[in-house]
Structures are given as C-alpha cells and as structure tokens.
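**Student:** See query-v8.tsv below, with TSV, C-alpha atoms (C1' of nucleotides).
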chain	number	residue	atom	x	y	z
A	1	MET	CA	13.84	-1.09	-10.94
A	2	THR	CA	17.16	-1.53	-9.22
A	3	MET	CA	17.14	1.44	-6.99
A	4	SER	CA	20.18	3.23	-5.70
A	5	THR	CA	23.37	1.26	-5.73
A	6	SER	CA	24.56	2.40	-2.33
A	7	ASP	CA	23.28	1.20	1.02
A	8	GLU	CA	22.03	4.56	2.19
A	9	PRO	CA	19.49	4.58	5.04
A	10	LEU	CA	16.95	5.33	2.34
A	11	LEU	CA	14.13	7.71	1.69
A	12	ARG	CA	13.75	11.46	1.95
A	13	GLY	CA	12.65	12.97	5.21
A	14	ASP	CA	12.73	10.51	8.01
A	15	LEU	CA	9.30	9.06	7.64
A	16	PHE	CA	11.08	5.79	8.27
A	17	ALA	CA	12.51	6.82	11.58
A	18	GLU	CA	10.83	5.05	14.44
A	19	ALA	CA	10.27	8.09	16.64
A	20	CYS	CA	9.59	10.58	13.89
A	21	PRO	CA	7.22	13.37	14.96
A	22	SER	CA	5.58	13.57	11.56
A	23	ARG	CA	4.75	9.86	11.80
A	24	GLU	CA	2.84	10.75	14.95
A	25	VAL	CA	0.76	13.32	13.18
A	26	LEU	CA	0.24	10.97	10.26
A	27	ARG	CA	-1.05	8.35	12.66
A	28	HIS	CA	-3.41	10.87	14.19
A	29	VAL	CA	-4.98	11.99	10.94
A	30	THR	CA	-5.18	8.52	9.45
A	31	SER	CA	-6.32	6.81	12.62
A	32	ARG	CA	-9.59	4.99	12.61
A	33	TRP	CA	-11.54	7.93	13.98
A	34	GLY	CA	-9.18	10.68	12.90
A	35	VAL	CA	-10.15	10.31	9.26
A	36	LEU	CA	-13.82	10.46	10.09
A	37	VAL	CA	-13.43	13.47	12.36
A	38	LEU	CA	-11.58	15.38	9.67
A	39	VAL	CA	-14.11	14.57	7.00
A	40	ALA	CA	-16.97	15.47	9.31
A	41	LEU	CA	-15.43	18.76	10.38
A	42	ARG	CA	-14.86	19.81	6.78
A	43	ARG	CA	-18.59	20.42	6.73
A	44	GLY	CA	-18.34	22.94	9.51
A	45	THR	CA	-18.30	23.32	13.27
A	46	HIS	CA	-19.66	20.47	15.35
A	47	ARG	CA	-20.35	19.94	19.00
A	48	PHE	CA	-19.04	16.86	20.77
A	49	SER	CA	-22.36	15.05	20.69
A	50	ASP	CA	-22.92	16.03	17.10
A	51	LEU	CA	-19.71	14.36	16.13
A	52	ARG	CA	-20.62	11.23	18.03
A	53	ARG	CA	-23.92	11.06	16.26
A	54	VAL	CA	-22.51	11.84	12.83
A	55	ILE	CA	-19.65	9.41	13.07
A	56	GLY	CA	-21.54	6.65	14.74
A	57	GLY	CA	-19.84	3.75	16.48
A	58	VAL	CA	-17.21	5.86	18.16
A	59	SER	CA	-17.02	5.70	21.92
A	60	GLU	CA	-16.91	8.82	24.06
A	61	LYS	CA	-13.43	8.01	25.10
A	62	MET	CA	-12.02	7.50	21.64
A	63	LEU	CA	-13.66	10.59	20.26
A	64	ALA	CA	-12.28	12.67	23.11
A	65	GLN	CA	-8.82	11.18	22.63
A	66	THR	CA	-8.89	11.72	18.90
A	67	LEU	CA	-10.02	15.30	19.24
A	68	GLN	CA	-7.38	16.04	21.85
A	69	ALA	CA	-4.65	14.62	19.67
A	70	LEU	CA	-5.76	16.64	16.66
A	71	GLU	CA	-6.12	19.73	18.80
A	72	ALA	CA	-2.57	19.34	20.07
A	73	ASP	CA	-1.47	19.03	16.45
A	74	ALA	CA	-3.11	22.38	15.72
A	75	ILE	CA	-5.41	20.65	13.27
A	76	VAL	CA	-8.60	20.94	15.28
A	77	LEU	CA	-9.75	24.04	17.14
A	78	ARG	CA	-11.67	23.56	20.37
A	79	VAL	CA	-13.82	26.41	21.67
A	80	ALA	CA	-15.55	25.98	25.02
A	81	HIS	CA	-18.33	28.36	25.92
A	82	PRO	CA	-18.46	28.91	29.68
A	83	VAL	CA	-22.14	28.17	30.12
A	84	VAL	CA	-24.11	25.52	31.85
A	85	PRO	CA	-24.74	23.02	30.51
A	86	PRO	CA	-21.33	22.99	28.80
A	87	HIS	CA	-21.17	23.96	25.16
A	88	VAL	CA	-18.04	23.07	23.20
A	89	GLU	CA	-17.50	23.54	19.51
A	90	TYR	CA	-14.96	21.80	17.35
A	91	SER	CA	-13.77	23.01	13.98
A	92	LEU	CA	-10.78	22.78	11.67
A	93	THR	CA	-7.93	25.25	11.87
A	94	PRO	CA	-6.53	26.63	8.59
A	95	LEU	CA	-3.87	23.97	8.96
A	96	GLY	CA	-6.56	21.41	9.57
A	97	ARG	CA	-8.41	22.33	6.45
A	98	GLU	CA	-5.32	21.60	4.42
A	99	VAL	CA	-4.72	18.14	5.87
A	100	ALA	CA	-8.38	17.30	5.79
A	101	GLU	CA	-8.43	18.09	2.11
A	102	ARG	CA	-5.58	15.70	1.45
A	103	VAL	CA	-7.03	13.00	3.64
A	104	GLN	CA	-10.35	13.24	1.91
A	105	ASP	CA	-8.58	13.28	-1.43
A	106	LEU	CA	-7.06	9.94	-0.51
A	107	ALA	CA	-10.34	8.60	0.83
A	108	ASP	CA	-12.22	9.75	-2.24
A	109	TRP	CA	-9.70	8.18	-4.55
A	110	ILE	CA	-10.01	4.88	-2.74
A	111	GLU	CA	-13.78	4.99	-2.84
A	112	GLY	CA	-13.69	5.78	-6.51
A	113	SER	CA	-11.35	2.88	-7.11
A	114	MET	CA	-13.28	0.33	-5.10
A	115	PRO	CA	-14.99	-1.13	-8.19
A	116	VAL	CA	-11.61	-1.78	-9.76
A	117	ILE	CA	-10.21	-3.16	-6.54
A	118	GLU	CA	-13.12	-5.49	-5.92
A	119	GLN	CA	-13.00	-6.66	-9.48
A	120	ALA	CA	-9.32	-7.41	-9.13
A	121	ARG	CA	-10.10	-9.39	-5.99
A	122	ARG	CA	-12.63	-11.53	-7.77
A	123	LYS	CA	-10.28	-12.16	-10.64
A	124	SER	CA	-7.52	-13.39	-8.38
A	125	GLY	CA	-9.84	-15.00	-5.88
A	126	ALA	CA	-8.18	-12.97	-3.17
A	127	GLN	CA	-9.88	-12.37	0.14
A	128	PRO	CA	-10.27	-8.85	1.50
A	129	ALA	CA	-7.13	-9.76	3.42
A	130	ARG	CA	-6.27	-9.30	7.04
A	131	LEU	CA	-4.19	-6.49	8.50
A	132	GLY	CA	-5.86	-3.71	10.44
B	1	MET	CA	-21.40	26.24	10.76
B	2	THR	CA	-24.67	24.64	11.54
B	3	MET	CA	-24.56	21.95	9.00
B	4	SER	CA	-27.46	20.43	7.25
B	5	THR	CA	-30.79	20.88	8.96
B	6	SER	CA	-31.99	17.36	8.31
B	7	ASP	CA	-30.81	14.24	10.07
B	8	GLU	CA	-29.50	12.58	6.96
B	9	PRO	CA	-27.10	9.66	7.43
B	10	LEU	CA	-24.41	12.15	6.53
B	11	LEU	CA	-21.55	12.41	4.14
B	12	ARG	CA	-21.02	11.36	0.59
B	13	GLY	CA	-20.07	7.77	0.05
B	14	ASP	CA	-20.32	5.78	3.20
B	15	LEU	CA	-16.91	6.29	4.65
B	16	PHE	CA	-18.78	6.54	7.92
B	17	ALA	CA	-20.35	3.12	7.63
B	18	GLU	CA	-18.90	0.58	10.00
B	19	ALA	CA	-18.33	-2.18	7.48
B	20	CYS	CA	-17.30	0.03	4.60
B	21	PRO	CA	-14.91	-1.75	2.21
B	22	SER	CA	-13.08	1.44	1.33
B	23	ARG	CA	-12.33	1.95	5.02
B	24	GLU	CA	-10.53	-1.38	4.85
B	25	VAL	CA	-8.34	-0.28	1.99
B	26	LEU	CA	-7.73	3.05	3.67
B	27	ARG	CA	-6.53	1.21	6.75
B	28	HIS	CA	-4.20	-0.88	4.63
B	29	VAL	CA	-2.50	2.01	2.88
B	30	THR	CA	-2.25	4.19	5.97
B	31	SER	CA	-1.24	1.41	8.31
B	32	ARG	CA	2.03	1.66	10.14
B	33	TRP	CA	3.94	-0.32	7.55
B	34	GLY	CA	1.63	0.25	4.61
B	35	VAL	CA	2.70	3.86	4.22
B	36	LEU	CA	6.34	2.88	4.30
B	37	VAL	CA	5.88	0.05	1.81
B	38	LEU	CA	4.15	2.36	-0.63
B	39	VAL	CA	6.78	5.05	-0.34
B	40	ALA	CA	9.54	2.49	-0.73
B	41	LEU	CA	7.97	0.82	-3.75
B	42	ARG	CA	7.56	4.16	-5.52
B	43	ARG	CA	11.28	3.92	-6.09
B	44	GLY	CA	10.93	0.70	-8.00
B	45	THR	CA	10.72	-3.06	-7.64
B	46	HIS	CA	12.03	-4.58	-4.44
B	47	ARG	CA	12.57	-8.07	-3.18
B	48	PHE	CA	11.20	-9.09	0.19
B	49	SER	CA	14.51	-8.78	1.95
B	50	ASP	CA	15.22	-5.48	0.26
B	51	LEU	CA	12.04	-4.07	1.68
B	52	ARG	CA	12.90	-5.30	5.15
B	53	ARG	CA	16.27	-3.65	4.96
B	54	VAL	CA	14.99	-0.42	3.46
B	55	ILE	CA	12.13	-0.01	5.87
B	56	GLY	CA	13.96	-1.10	8.96
B	57	GLY	CA	12.20	-2.15	12.11
B	58	VAL	CA	9.52	-4.15	10.37
B	59	SER	CA	9.16	-7.80	11.30
B	60	GLU	CA	8.91	-10.55	8.73
B	61	LYS	CA	5.38	-11.20	9.77
B	62	MET	CA	4.12	-7.66	9.50
B	63	LEU	CA	5.84	-7.05	6.20
B	64	ALA	CA	4.33	-10.21	4.76
B	65	GLN	CA	0.91	-9.30	6.11
B	66	THR	CA	1.11	-5.77	4.79
B	67	LEU	CA	2.23	-6.93	1.36
B	68	GLN	CA	-0.53	-9.51	1.19
B	69	ALA	CA	-3.17	-6.99	2.11
B	70	LEU	CA	-1.93	-4.54	-0.49
B	71	GLU	CA	-1.64	-7.31	-3.05
B	72	ALA	CA	-5.23	-8.33	-2.44
B	73	ASP	CA	-6.19	-4.68	-2.90
B	74	ALA	CA	-4.50	-4.73	-6.31
B	75	ILE	CA	-2.14	-2.05	-5.11
B	76	VAL	CA	0.97	-4.19	-4.96
B	77	LEU	CA	2.07	-6.67	-7.59
B	78	ARG	CA	3.83	-9.82	-6.46
B	79	VAL	CA	5.91	-11.75	-8.94
B	80	ALA	CA	7.48	-15.03	-7.82
B	81	HIS	CA	10.21	-16.50	-9.98
B	82	PRO	CA	10.21	-20.29	-9.76
B	83	VAL	CA	13.84	-20.71	-8.95
B	84	VAL	CA	15.75	-21.96	-5.98
B	85	PRO	CA	16.41	-20.18	-3.81
B	86	PRO	CA	13.08	-18.35	-4.16
B	87	HIS	CA	13.10	-14.97	-5.82
B	88	VAL	CA	10.07	-12.76	-5.34
B	89	GLU	CA	9.67	-9.21	-6.57
B	90	TYR	CA	7.22	-6.62	-5.32
B	91	SER	CA	6.18	-3.53	-7.21
B	92	LEU	CA	3.29	-1.10	-7.47
B	93	THR	CA	0.46	-1.70	-9.87
B	94	PRO	CA	-0.82	1.27	-11.89
B	95	LEU	CA	-3.50	1.55	-9.24
B	96	GLY	CA	-0.84	1.39	-6.57
B	97	ARG	CA	1.14	4.20	-8.10
B	98	GLU	CA	-1.88	6.44	-7.82
B	99	VAL	CA	-2.56	5.74	-4.16
B	100	ALA	CA	1.11	5.89	-3.31
B	101	GLU	CA	1.26	9.32	-4.81
B	102	ARG	CA	-1.60	10.54	-2.65
B	103	VAL	CA	-0.26	8.91	0.47
B	104	GLN	CA	3.11	10.48	-0.07
B	105	ASP	CA	1.45	13.77	-0.82
B	106	LEU	CA	-0.19	13.62	2.59
B	107	ALA	CA	3.01	12.52	4.28
B	108	ASP	CA	5.00	15.24	2.58
B	109	TRP	CA	2.49	17.88	3.56
B	110	ILE	CA	2.68	16.82	7.18
B	111	GLU	CA	6.45	16.82	7.16
B	112	GLY	CA	6.45	20.25	5.63
B	113	SER	CA	4.02	21.49	8.25
B	114	MET	CA	5.82	20.08	11.24
B	115	PRO	CA	7.54	23.37	12.07
B	116	VAL	CA	4.17	25.10	12.24
B	117	ILE	CA	2.66	22.26	14.24
B	118	GLU	CA	5.48	22.14	16.75
B	119	GLN	CA	5.38	25.89	17.12
B	120	ALA	CA	1.66	25.74	17.80
B	121	ARG	CA	2.33	23.11	20.42
B	122	ARG	CA	4.82	25.28	22.22
B	123	LYS	CA	2.50	28.26	22.14
B	124	SER	CA	-0.35	26.33	23.71
B	125	GLY	CA	1.87	24.21	25.91
B	126	ALA	CA	0.24	21.13	24.47
B	127	GLN	CA	1.92	17.77	24.63
B	128	PRO	CA	2.37	15.68	21.51
B	129	ALA	CA	-0.78	13.98	22.77
B	130	ARG	CA	-1.63	10.35	23.08
B	131	LEU	CA	-3.58	8.28	20.59
B	132	GLY	CA	-1.75	5.81	18.41
C	1	DC	C1'	15.10	-16.81	0.35
C	2	DG	C1'	10.47	-16.16	1.33
C	3	DG	C1'	7.38	-17.33	3.65
C	4	DC	C1'	3.61	-19.61	7.37
C	5	DA	C1'	2.14	-21.27	12.19
C	6	DT	C1'	2.25	-20.41	16.96
C	7	DC	C1'	2.68	-18.17	21.23
C	8	DC	C1'	2.54	-14.03	23.89
C	9	DG	C1'	2.86	-9.12	25.81
C	10	DC	C1'	1.09	-4.85	25.57
C	11	DA	C1'	-1.12	-1.01	23.67
C	12	DA	C1'	-5.41	0.42	21.60
C	13	DT	C1'	-10.21	0.26	21.99
C	14	DG	C1'	-14.67	-0.34	24.02
C	15	DA	C1'	-18.31	-0.43	27.91
C	16	DT	C1'	-19.69	1.45	31.98
C	17	DA	C1'	-19.96	4.53	35.74
C	18	DC	C1'	-19.13	8.90	37.62
C	19	DT	C1'	-18.19	14.21	37.73
C	20	DG	C1'	-18.22	19.47	36.83
D	1	DC	C1'	-23.41	18.36	27.78
D	2	DA	C1'	-18.79	17.18	27.82
D	3	DG	C1'	-15.94	14.92	29.39
D	4	DT	C1'	-12.80	11.73	33.04
D	5	DA	C1'	-11.86	7.28	35.46
D	6	DT	C1'	-11.87	2.51	35.62
D	7	DC	C1'	-12.10	-2.03	34.03
D	8	DA	C1'	-12.49	-5.68	30.39
D	9	DT	C1'	-11.34	-7.06	25.85
D	10	DT	C1'	-9.36	-7.12	21.44
D	11	DG	C1'	-5.99	-7.57	18.26
D	12	DC	C1'	-1.51	-5.51	16.67
D	13	DG	C1'	2.87	-6.63	16.35
D	14	DG	C1'	7.21	-9.04	17.79
D	15	DA	C1'	9.83	-13.50	18.61
D	16	DT	C1'	10.58	-18.03	17.52
D	17	DG	C1'	10.57	-22.22	14.91
D	18	DC	C1'	9.51	-24.87	10.75
D	19	DC	C1'	8.93	-25.63	5.66
D	20	DG	C1'	9.37	-25.50	0.32
Kindly transcribe the structure held in the file into structure tokens.
**Tutor:**
Amino acid sequence: MTMSTSDEPLLRGDLFAEACPSREVLRHVTSRWGVLVLVALRRGTHRFSDLRRVIGGVSEKMLAQTLQALEADAIVLRVAHPVVPPHVEYSLTPLGREVAERVQDLADWIEGSMPVIEQARRKSGAQPARLG
Amino acid sequence: MTMSTSDEPLLRGDLFAEACPSREVLRHVTSRWGVLVLVALRRGTHRFSDLRRVIGGVSEKMLAQTLQALEADAIVLRVAHPVVPPHVEYSLTPLGREVAERVQDLADWIEGSMPVIEQARRKSGAQPARLG
DNA sequence: CGGCATCCGCAATGATACTG
DNA sequence: CAGTATCATTGCGGATGCCG
C-alpha cells in the first residue's frame, strides 16, 4: 500500500481527465446496449431488425444511437444497400473485433465469477447494491 | 454472416437477459466512477479521501455508492478501523484484482487505439457521436 | 473523517408516431 | 425496413446539511 509519495495528478494516460476522448469510446463500448451490440456482432453481420430481435428490450432509438456512436468510433461498419425496402448490414471492423474480444473477455470473466460473487453476497448479507 | 438458422434465444450465458445478474456487475465495474476506482485501487490501498483526491471530480455520494456496489460484488474490500477520527481503507480483493486487470486491459487498448479511431473519424467526417 | 439523507436539474432512455 | 422526430419518464449525479 502507500502509493507514490508525491501529489502527482495520478495515473497513466488521462483516463481520469474529464473530457478524455478515450473515456468517450470506453463509455460507448461499455454502455448498456454497446456491450450487447458488440457481443452480438461478433457472431457475424446483422441487419438492424435482427439486432433488435437478438438483443431484445432495446428501443429503436437507442439501438440506432448506439450503432451510430460505434460507427463513428470505427468499431462498427454500416453498409446500406440502395434497394427498396432498405437493407442495411452492420458488422464489426477489424478494430471492432479487437475491442469486442476484450469486452466479451470481461463479460465472460464476470459471468464465470458470478457464483463466487453471489456466494460472497450471501456470506456478508449484502444486497446486490444500487448504482447503475 | 448469416448467423444461426434457428431462432434460438441467442448467445452463450444470458448476457442478453434483461435481469441478468452479471449485467449488474458489468455495469458496476464499467460505470463512470467504477473504472476509475478499479484503476486507482490497482496501485494499492486507499482511504476514502485519498480516492476522492486521486480520482478528482467524483462527488462524495457517487464515490460512496460506487465503493458500496463494488464491495457488495466482492470486488472491493472495505476495512474500517475503529478509531476516532474514523479510518477506513479500501483495496481490491483477489477477485477484484482480476476484474481490474481486464478493465484496465480494455481501457489501455482503447487509449492505444485512439490515434486510429480519430483518424478514421477525420476520414469519414464523423463526429465523436452522441450516446453517453 | 467517512459517511447517510434529502432535494433537484438534467441527461439518458423509452414509447409513440411519422417518413424515405 | 430503417430509421428520424417528438414527447414523457427515469434515474444519474451533484450540492447541501447532518451524524457518529
């Protein structure tokens, strides 16, 4: 314990900076629907409606917003076929595949640790706790 | 592309389930302050006020909430010394060290990829995009 | 010092309706 | 089908004040 003895601003990178661009991207990929979109797209290309069905519970608006954010981050690739009715396909970019892997890694680890976590909760009588 | 041909509920685990407990934990560790707490605590034990100073910009309330959530998840260990004035120390549990590592891995990857991401944005003329 | 209770503004999210 | 626009609601997150 007892970290550095100076009063430096602390921590590599500037993850701690309020308006840090990487924080933005982190928020996008770990957002409520961002995680699910990434995991879903790891399985391959999906159309808009496919994603809605697969994810379940996401509103049109939020899915569109999430996809746009990830597209702007060069994580999701959007390909619109100029036909009628519209046909749009979403997939992961090479960059996207890398993040998605890490996000799923985290998600998988948590899922795998849930038994331990829930056991710890029972032992301490702790509630699932607030915080969103 | 063209994923599975059946209409299975989709995806290993049930990350996609609405009331999935692992989603809860995922939200905790990737929350605005959760990420920062984990990264900070990787450096060692901190007192409440230390964390506030190190993280910067976090309110008392949110830091307390975040710590409680992570404590309930058995990710953060809280040790209160019965002295006056109060002296409370926060650290990562073994479980916590594992998640923290993965979270930081993700954060580091994003930071490292920011040049590519920002370049992609300029090429496509995309804005940093909304979504929080 | 390390909290908890309360109040409140605003952004995020959701439901619905409409368009190309 | 794939969105956009609008409105209603929720709940995060900050500020303040009090307590052990």
**Student:** Please determine the contact residues of chain D with respect to chain A at a cut-off of 12 Å, counting all atoms listed in the file, and supply them as a PyMOL selection string.
**Tutor:** chain D and resi 1-6+11-13
**Student:** May I have the residues within 7 Å of stretch 92-102 of chain B as number ranges by chain, using only C-alpha atoms (C1' of nucleotides) and disregarding those fewer than 5 positions away in the same chain?
**Tutor:** A: 106; B: 38-39, 41-42, 74-77
**Student:** Enter the distance from atom CA of A:Tyr90 to atom CA of A:Glu71, in Å, rounded to one decimal.
**Tutor:** 9.2 Å
**Student:** Figure out the distance between atom CA of A:Thr45 and atom CA of A:Gln68, please, to one decimal in Å.
**Tutor:**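 Rounded to one decimal, the two atoms are 15.7 Å apart.
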**Student:** Residues within 12 Å of (-0.2, -1.1, 8.8), file coordinates, counting all atoms listed in the file: what are they? Give the list as a ChimeraX atom specification.
**Tutor:** /A:27,30-32,130-132 /B:24-38,58-59,61-70,132 /D:12-13
**Student:** Using all atoms listed in the file, find the one residue out of A:Arg43, A:Asp50, A:Gly57, A:Ile117 that sits nearest to chain C.
**Tutor:** A:Gly57
**Student:** Please provide as a list of chain:residue names all residues within 12 Å of D:DT10, with the sequence filter that same-chain residues fewer than 2 positions apart are discarded (counting all atoms listed in the file).
**Tutor:**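 Those residues are C:DC10, C:DA11, C:DA12, C:DT13, C:DG14, D:DA8, D:DC12.
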**Student:** Quick one: pull the distance between atom CA of B:His46 and atom CA of B:Val103, Å, one decimal.
**Tutor:** 18.9 Å
